[in-house]
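Chemist: Dropping a structure here in structure tokens format, bear with me for questions.
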Amino acid sequence: MTLHIYKTVPEVIVAIADYFVEVTNESIISRGECNVVLSGGGSPELLYKMLASAQYRKQLNWDKIHFFFGDERNVPKNDAQNNSNMVRRTMFDPLQISESNIFAVNTSLPPDEAAKDYSNQINKHFKGEEPIFDLILLGLGDNSHTASLFPHTPILHDQSVSVQSVFLKDQNIYRISMTAPMINLARHIAFLVYGQGKAEAVHHVLEDDSNIEEYPTQLIKTDQDDVRWYLDEPAASHLKSK
């Protein structure tokens with residue numbers, strides 16, 4: 001694991017955008033395509049807008065990139081809270097990404113069926129081989145969750161390489177999420193975290209004793225160089241070693 005800490009949010013966004021370009025181009029050269037898992041929430045919107053900007057759009061062969069989602073809220077696809085809808089607005093539509101390159105969760109199905117359907121989509125794309133994604137982008141919630149691996153939920157103990165539904169009692173909503181074992185197969189993982197409000201969670205995940213019930217992001221491998229954390233100084237402010 002490596003930490004990449006920058007003074008400002010724009011510097012963080014540029015750094016992770018450059019890394020996205022680097023990994024994606026390497027994957028296309030090596031394997032003829034790149035399979036990327038995107039994160040939702042508010043933090044990555046700036047990244048997606050950056051990648052769709054004139055500065056970045058010509059640096060990649062977008063036709064060779066397949067896009068997946070680490071998790072999804074169980075809301076209609078045109079809902080503002082739908083992750084794929086947000087990415088479509090900020091990146092897919094501006095770049096005119098082909099529908100055949102976008103693998104979204106079908107939230108018109110019941111949660112369990114949507115999870116199974118998404119697992120099937122992934123397995124079909126990888127032709128039955130292990131679903132090893134080239135790059136997975138992740139965020140971090142202030143309660144130490146990532147994707148939809150929330151504290152004290154059954155999915156934290158799921159050892160399958162799959163997609164599962166998760167019910168969040170406090171929010172009274174279902175989510176659909178890749179399991180930690182599926183995420184950990186990735187060739188590269190990059191966390192994008194910024195803001196003072198995330199500082200305590202960053203400290204818990206990276207420096208506290210293992211406690212996956214409280215800090216689920218600890219399930220994501222941290223002992224390898226292919227896991228990077230992109231942070232601004234406020235988000236890293238509670239870390240004792242940097």
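Ligands are numbered from 1 in the order shown, chains are lettered A, B, ... in the order of the structure tokens, and residues start at 1 in each chain.
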Residues of stretch 79-156 of chain A classed as strand (DSSP E or B) by DSSP on the backbone are to be reported as a PyMOL selection string.
Modeler: chain A and resi 102+135-138+146+149
Chemist: Once you count only C-alpha atoms, what closest atom pair and distance in Å to one decimal does each residue of stretch 5-110 of chain A within 7 Å of stretch 174-194 of chain A have, with rows by chain and rising residue number, as a Markdown table?
Modeler:
| residue | atom | partner | partner_atom | distance |
| --- | --- | --- | --- | --- |
| A:Val9 | CA | A:Tyr194 | CA | 6.7 |
| A:Gly70 | CA | A:Met178 | CA | 5.5 |
| A:Asp71 | CA | A:Ser177 | CA | 4.1 |
| A:Glu72 | CA | A:Ile176 | CA | 5.2 |
| A:Arg73 | CA | A:Arg175 | CA | 4.5 |
| A:Asn74 | CA | A:Arg175 | CA | 5.2 |
Chemist: Using DSSP on the backbone, list every residue of stretch 14-219 of chain A that comes out as alpha helix (DSSP H), and give them as a compact mmCIF listing (two decimals) with C-alpha atoms, in the first residue's frame.
Modeler:
# COMPACT_ATOMS: atom_id res chain seq x y z
CA VAL A 14 -5.23 15.42 -11.01
CA ALA A 15 -3.00 12.78 -9.41
CA ILE A 16 -5.62 10.03 -9.44
CA ALA A 17 -6.72 11.01 -12.97
CA ASP A 18 -3.11 10.61 -14.12
CA TYR A 19 -2.98 7.21 -12.40
CA PHE A 20 -6.23 6.20 -14.10
CA VAL A 21 -4.72 7.06 -17.48
CA GLU A 22 -1.48 5.21 -16.67
CA VAL A 23 -3.15 1.98 -15.51
CA THR A 24 -5.74 2.01 -18.27
CA ASN A 25 -3.24 2.51 -21.05
CA GLU A 26 -0.96 -0.19 -19.63
CA SER A 27 -3.89 -2.62 -19.50
CA ILE A 28 -4.92 -1.87 -23.08
CA ILE A 29 -1.36 -2.39 -24.29
CA SER A 30 -0.95 -5.62 -22.29
CA ARG A 31 -4.37 -7.21 -22.67
CA GLU A 45 -17.72 13.28 -9.45
CA LEU A 46 -14.77 15.66 -9.75
CA LEU A 47 -12.62 12.82 -11.08
CA TYR A 48 -15.16 11.79 -13.70
CA LYS A 49 -15.56 15.39 -14.87
CA MET A 50 -11.78 15.68 -15.08
CA LEU A 51 -11.47 12.52 -17.18
CA ALA A 54 -10.39 18.23 -22.99
CA GLN A 55 -7.18 17.72 -21.02
CA TYR A 56 -7.79 13.98 -20.53
CA ARG A 57 -10.32 12.68 -23.03
CA ASN A 83 -24.37 5.73 -9.13
CA SER A 84 -24.51 4.79 -12.81
CA ASN A 85 -26.80 7.76 -13.48
CA MET A 86 -24.28 10.12 -11.87
CA VAL A 87 -21.39 8.70 -13.90
CA ASP A 93 -22.47 11.06 -21.95
CA PRO A 94 -19.76 13.72 -22.48
CA LEU A 95 -17.40 11.03 -23.79
CA PRO A 111 -32.31 -6.66 -4.70
CA ASP A 112 -31.31 -10.32 -4.50
CA GLU A 113 -32.10 -10.87 -8.18
CA ALA A 114 -30.28 -7.67 -9.14
CA ALA A 115 -27.18 -8.90 -7.30
CA LYS A 116 -27.34 -12.31 -8.96
CA ASP A 117 -27.92 -10.74 -12.37
CA TYR A 118 -24.89 -8.48 -11.93
CA SER A 119 -22.72 -11.42 -10.88
CA ASN A 120 -23.86 -13.18 -14.04
CA GLN A 121 -23.05 -10.13 -16.18
CA ILE A 122 -19.54 -10.05 -14.73
CA ASN A 123 -18.96 -13.79 -15.13
CA LYS A 124 -20.18 -13.67 -18.72
CA HIS A 125 -17.85 -10.78 -19.53
CA ALA A 180 -14.46 -7.93 -0.50
CA PRO A 181 -13.03 -11.13 -2.09
CA MET A 182 -14.11 -9.90 -5.53
CA ILE A 183 -12.58 -6.46 -4.95
CA ASN A 184 -9.33 -7.94 -3.65
CA ALA A 199 -9.83 11.97 8.73
CA GLU A 200 -11.03 9.80 11.61
CA ALA A 201 -12.16 7.01 9.28
CA VAL A 202 -8.82 7.07 7.43
CA HIS A 203 -7.01 6.69 10.75
CA HIS A 204 -9.28 3.85 11.91
CA VAL A 205 -8.91 1.88 8.69
CA LEU A 206 -5.17 2.32 8.22
CA GLU A 207 -3.80 2.47 11.76
Chemist: Which residue gives the smallest distance to A:Leu138 among A:Phe167, A:Phe69, A:Phe150, A:Tyr6, with only C-alpha atoms counted?
Modeler: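 Smallest distance to A:Leu138 is found for A:Phe69.
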Chemist: Restricting the calculation to only C-alpha atoms: of A:Glu130, A:Leu140, A:Glu99, A:Leu135, which residue gets closest to A:Ser162?
Modeler: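 Closest to A:Ser162 of all the choices is A:Glu130.
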Chemist: When you count only C-alpha atoms, which of these residues is closest to A:His66: A:Leu156, A:Val36, A:Ile173, A:Ile97?
Modeler: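 Comparing A:Leu156, A:Val36, A:Ile173, A:Ile97 against A:His66, the winner is A:Val36.
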Chemist: Which polymer residues have any atom within 8 Å of an atom of A:Asn143, counting only C-alpha atoms, with same-chain residues fewer than 2 positions away left out, as a list in words?
Modeler: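 After dropping sequence-adjacent residues, the list is Gly141, His145, Phe150, Pro151, Ala201, Glu214 and Tyr215 of chain A.
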Chemist: For a test of reading the model, state the distance in Å between atom CA of A:Gln159 and atom CA of A:Gly40, rounded to one decimal.
Modeler: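 Taking atom CA of A:Gln159 and atom CA of A:Gly40, their separation equals 23.2 Å.
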